[in-house]
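First the structure, in the form of structure tokens, and then the observations on it.
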Number of protein chains: 2
Amino acid sequence: MTYCVGLLLDEGMVLLSDTRTNAGLDNIATYRKMFVFEEPGERVITILTAGSLSVTQTALARLREAIEQPEANEETSIMRAPTMLKVAEIIGNTLASVRQDIEHKMNAAKVSVSASMIVAGQRKGGTMRLFLVYPEGNFIEATEDTPFLQIGEHKYGKPILDRVVRVATTLEDAQKAVLLSMDSTLRSNLSVGMPLDLAVIARDECRVTMRRRIEKDDPQFAQMSQDWSEALCQGFSKITL
Amino acid sequence: MTYCVGLLLDEGMVLLSDTRTNAGLDNIATYRKMFVFEEPGERVITILTAGSLSVTQTALARLREAIEQPEANEETSIMRAPTMLKVAEIIGNTLASVRQDIEHKMNAAKVSVSASMIVAGQRKGGTMRLFLVYPEGNFIEATEDTPFLQIGEHKYGKPILDRVVRVATTLEDAQKAVLLSMDSTLRSNLSVGMPLDLAVIARDECRVTMRRRIEKDDPQFAQMSQDWSEALCQGFSKITL
């Protein structure tokens, strides 16, 4: 499985993904699930992926191909699309068509393949937007009321987001929130694993303003995880029944 | 959906269930999901249910019928079974057979029905045991390493249990832990709802030593929920990135 989360806040967007993929329990590997398409200052698009690796890799490859084609245009390339809505449409259509192609091949084996994506981005002069693209290619968008979107193994890490993330949350607090949300998921579910990819896109900068890979032995993340455990246990001990 | 959780600790067992059932989103009702079979001092069995209401109600009805039959014996009645293992077997077989009967009726509609149960109990002179019975009738048991079992919408409430519940946890802390686990689930998932049923079975007492229904407007639960939110937010604000 996977856990990816994106926040759309007043100050910008915060994105986090894990890197574990597994085919069964005995075939575990590390694959990047965060992909950045960027023309700094002009346009930034970040895609987080969950689901069948054959679907997400092929979809990403087709999106890249479409960007690089000489005849790339507003309808085919996410780097030329006039709006983020159009970007989400292109990505949704690509995801759905790859899924259909692969599912067609899998029919004989009666195996179903599926994938979903979080798409975050802004183009110069446009609005910063965050979408969740479903396997069928349709999508929903984060709003003021629901400023975060999750894909993959999302339930373990939802309670902390429900409690602390608001649209006015600062980018620093937001980074803490997604990392703690991931920490809870990592503890409870083996199919989500380190390292992690964290990215911040400050509003109107139209570029990834901070990007960090957090390795398994990252001392800062370990400390944070331990501090959070202690804070929870202390908080717990103070609650009276 | 449903959320039920059972803990097996040094001091005894703590059980908690919600009461919400829904057929679709517009047909929501309150049904008890905790059932106690008790001969105080001699034998106590508590069953928590999740899944299709038609399956769990019929299974419970058959278990009750089997107890009340004049020819009830060690093989058929959970109140006469010589061990808790046998109790789990009887319950598992009953659940599986009801499920098959109902699924047979549903075949035309291509609807699948399913249900699972947590079974907690002790008979005088026997060991206190906690089982999770799967829809197919097989079951697993809580152990020292994994002292809690959950059914239904279990993911939201797992992180807090993973962090604070150990086999040496006191019954009081254990009640707090399951209530906070439920609180996180209630916040994150609409299909789990108040009121709640809480029960404690102290070790070797062979009876339910504490039982409490927590209504929607319970001031104590509301206070606890609020205190926990504040503790989490305070803890969160102290974490440094």
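By convention here, the chains of the structure tokens are called A, B, ... in the order presented, each chain's residues are numbered starting at 1, and ligands are numbered starting at 1 in the order presented.
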Inset, instruction - If you run DSSP over the backbone, which residues in range 122-210 of chain B end up strand (DSSP E)? Put them as number ranges by chain. - result: B: 122-123, 129-133, 139-141, 148-152, 196-202, 210
For the contact check between chain A and chain B, emit one row per residue of chain A within 6 Å, containing the shortest atom pair and the distance in Å rounded to one decimal, counting only C-alpha atoms, chain then rising number order, as CSV.
residue,atom,partner,partner_atom,distance
A:Lys155,CA,B:Tyr156,CA,5.2
A:Tyr156,CA,B:Tyr156,CA,4.8
A:Pro159,CA,B:Ser184,CA,5.8
A:Ser184,CA,B:Pro159,CA,5.7
A:Ala231,CA,B:Gly235,CA,5.0
A:Gly235,CA,B:Ala231,CA,5.0
Inset, instruction - Can you work out the spacing between CA of Met79 in chain A and CA of Pro195 in chain A in Å, to one decimal? - result: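 Going from CA of Met79 in chain A over to CA of Pro195 in chain A, I get 28.2 Å.
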Legend entry - Distance query range 47-55 of chain A at most 8 Å, only C-alpha atoms, self and fewer than 3 positions along chain excluded, as a PyMOL selection string: chain A and resi 1-4+17+21+33-36+58-59+95+98-99+102+113-120+151-152
Write the residues of the selection above to a file with N, CA, C and O atoms, as a tab-separated table (two decimals), in the first residue's frame.
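The resulting selection_34.tsv:
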chain	number	residue	atom	x	y	z
A	1	MET	N	0.84	-1.19	0.00
A	1	MET	CA	0.00	0.00	0.00
A	1	MET	C	0.88	1.24	0.00
A	1	MET	O	2.04	1.21	-0.34
A	2	THR	N	0.29	2.30	0.42
A	2	THR	CA	0.86	3.62	0.27
A	2	THR	C	0.14	4.52	1.24
A	2	THR	O	-0.98	4.26	1.62
A	3	TYR	N	0.80	5.61	1.65
A	3	TYR	CA	0.04	6.68	2.27
A	3	TYR	C	0.58	8.01	1.74
A	3	TYR	O	1.78	8.29	1.89
A	4	CYS	N	-0.29	8.79	1.13
A	4	CYS	CA	0.08	10.12	0.66
A	4	CYS	C	-0.96	11.10	1.15
A	4	CYS	O	-2.15	10.78	1.22
A	17	SER	N	4.60	11.82	1.03
A	17	SER	CA	4.32	10.47	0.57
A	17	SER	C	5.32	9.50	1.18
A	17	SER	O	6.43	9.89	1.54
A	21	THR	N	6.35	-0.04	-1.83
A	21	THR	CA	5.40	-0.76	-2.68
A	21	THR	C	5.56	-2.23	-2.38
A	21	THR	O	6.63	-2.70	-2.01
A	33	LYS	N	7.00	8.08	-4.91
A	33	LYS	CA	5.59	8.27	-5.26
A	33	LYS	C	5.25	9.75	-5.38
A	33	LYS	O	4.10	10.12	-5.46
A	34	MET	N	6.29	10.59	-5.31
A	34	MET	CA	6.07	12.02	-5.47
A	34	MET	C	6.84	12.50	-6.70
A	34	MET	O	8.04	12.24	-6.82
A	35	PHE	N	6.13	13.19	-7.60
A	35	PHE	CA	6.73	13.60	-8.87
A	35	PHE	C	6.47	15.09	-9.07
A	35	PHE	O	5.33	15.53	-8.96
A	36	VAL	N	7.53	15.80	-9.36
A	36	VAL	CA	7.41	17.26	-9.52
A	36	VAL	C	7.62	17.65	-10.97
A	36	VAL	O	8.59	17.22	-11.60
A	58	THR	N	3.18	3.93	-15.71
A	58	THR	CA	2.83	4.14	-17.12
A	58	THR	C	2.12	5.49	-17.30
A	58	THR	O	2.39	6.22	-18.27
A	59	ALA	N	1.24	5.83	-16.37
A	59	ALA	CA	0.55	7.11	-16.47
A	59	ALA	C	1.54	8.26	-16.42
A	59	ALA	O	1.49	9.20	-17.22
A	95	LEU	N	-4.77	8.74	-16.47
A	95	LEU	CA	-4.87	7.66	-15.48
A	95	LEU	C	-5.95	6.66	-15.88
A	95	LEU	O	-5.72	5.44	-15.86
A	98	VAL	N	-4.85	4.57	-19.02
A	98	VAL	CA	-3.83	3.56	-18.68
A	98	VAL	C	-4.47	2.41	-17.91
A	98	VAL	O	-4.21	1.23	-18.17
A	99	ARG	N	-5.32	2.77	-16.98
A	99	ARG	CA	-5.98	1.74	-16.17
A	99	ARG	C	-6.79	0.81	-17.05
A	99	ARG	O	-6.76	-0.42	-16.89
A	102	ILE	N	-4.47	-1.51	-19.07
A	102	ILE	CA	-3.86	-2.57	-18.28
A	102	ILE	C	-4.91	-3.55	-17.79
A	102	ILE	O	-4.70	-4.77	-17.81
A	113	VAL	N	-6.86	-3.82	-11.49
A	113	VAL	CA	-5.82	-2.85	-11.15
A	113	VAL	C	-6.45	-1.48	-10.94
A	113	VAL	O	-7.45	-1.16	-11.55
A	114	SER	N	-5.83	-0.73	-10.08
A	114	SER	CA	-6.42	0.54	-9.74
A	114	SER	C	-5.33	1.49	-9.24
A	114	SER	O	-4.30	1.05	-8.74
A	115	ALA	N	-5.55	2.77	-9.39
A	115	ALA	CA	-4.60	3.74	-8.86
A	115	ALA	C	-5.31	5.07	-8.70
A	115	ALA	O	-6.28	5.36	-9.39
A	116	SER	N	-4.83	5.86	-7.77
A	116	SER	CA	-5.36	7.21	-7.60
A	116	SER	C	-4.20	8.16	-7.39
A	116	SER	O	-3.07	7.74	-7.11
A	117	MET	N	-4.46	9.44	-7.53
A	117	MET	CA	-3.39	10.43	-7.44
A	117	MET	C	-3.86	11.67	-6.71
A	117	MET	O	-5.04	12.01	-6.75
A	118	ILE	N	-2.91	12.34	-6.06
A	118	ILE	CA	-3.15	13.68	-5.56
A	118	ILE	C	-2.37	14.62	-6.48
A	118	ILE	O	-1.20	14.37	-6.77
A	119	VAL	N	-3.04	15.66	-6.96
A	119	VAL	CA	-2.40	16.61	-7.86
A	119	VAL	C	-2.44	17.99	-7.21
A	119	VAL	O	-3.52	18.48	-6.86
A	120	ALA	N	-1.27	18.57	-7.03
A	120	ALA	CA	-1.18	19.87	-6.37
A	120	ALA	C	-0.45	20.81	-7.29
A	120	ALA	O	0.56	20.43	-7.89
A	151	ILE	N	-4.63	9.71	-0.03
A	151	ILE	CA	-4.84	8.50	-0.83
A	151	ILE	C	-4.07	7.35	-0.18
A	151	ILE	O	-3.14	7.56	0.60
A	152	GLY	N	-4.49	6.13	-0.51
A	152	GLY	CA	-3.84	4.95	0.06
A	152	GLY	C	-4.38	4.64	1.44
A	152	GLY	O	-5.57	4.80	1.71
Legend entry - Distance query Asp197 in chain A at most 7 Å, only C-alpha atoms, self and fewer than 4 positions along chain excluded, as JSON, numbers by chain: {"A": [16, 17, 18, 34, 212, 213, 214]}
Legend entry - Close residues, Leu9 in chain B itself excluded, 7 Å, only C-alpha atoms, min 6 positions apart in chain, as number ranges by chain: B: 147, 167-169
Legend entry - Distance in Å - CA of Phe131 in chain B versus CA of Asn93 in chain B: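 Rounded to one decimal, the two atoms are 13.8 Å apart.
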Legend entry - Sel. of helix (DSSP H, G or I) residues, chain A, as JSON, numbers by chain: {"A": [53, 54, 55, 56, 57, 58, 59, 60, 61, 62, 63, 64, 65, 66, 67, 68, 84, 85, 86, 87, 88, 89, 90, 91, 92, 93, 94, 95, 96, 97, 98, 99, 100, 101, 102, 103, 104, 105, 106, 107, 108, 109, 158, 159, 160, 161, 162, 163, 164, 171, 172, 173, 174, 175, 176, 177, 178, 179, 180, 181, 182, 183, 184, 185, 186, 187, 188, 219, 220, 221, 222, 223, 224, 225, 226, 227, 228, 229, 230, 231, 232, 233, 234, 235, 236, 237, 238]}
Legend entry - Test item: residues at most 8 Å from Glu75 in chain A, only C-alpha atoms, excluding those fewer than 4 positions along its chain, as a list in words: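 Non-adjacent residues within range: Arg80, Ala81, Lys86 and Ile90 of chain A.
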Save the residues we just selected, N, CA and C atoms, as a compact mmCIF listing (two decimals), in the first residue's frame?
# COMPACT_ATOMS: atom_id res chain seq x y z
N ARG A 80 1.51 22.96 -20.29
CA ARG A 80 0.95 24.03 -21.14
C ARG A 80 -0.53 24.30 -20.85
N ALA A 81 -1.16 23.40 -20.12
CA ALA A 81 -2.59 23.56 -19.85
C ALA A 81 -2.84 24.94 -19.23
N LYS A 86 -7.62 22.11 -15.91
CA LYS A 86 -7.27 21.38 -17.12
C LYS A 86 -6.16 20.37 -16.83
N ILE A 90 -6.39 16.42 -17.63
CA ILE A 90 -5.41 15.66 -18.43
C ILE A 90 -4.90 14.46 -17.63
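Atom pair CA of Thr209 in chain B / CA of Arg129 in chain B has a distance of 16.0 Å (rounded to one decimal).
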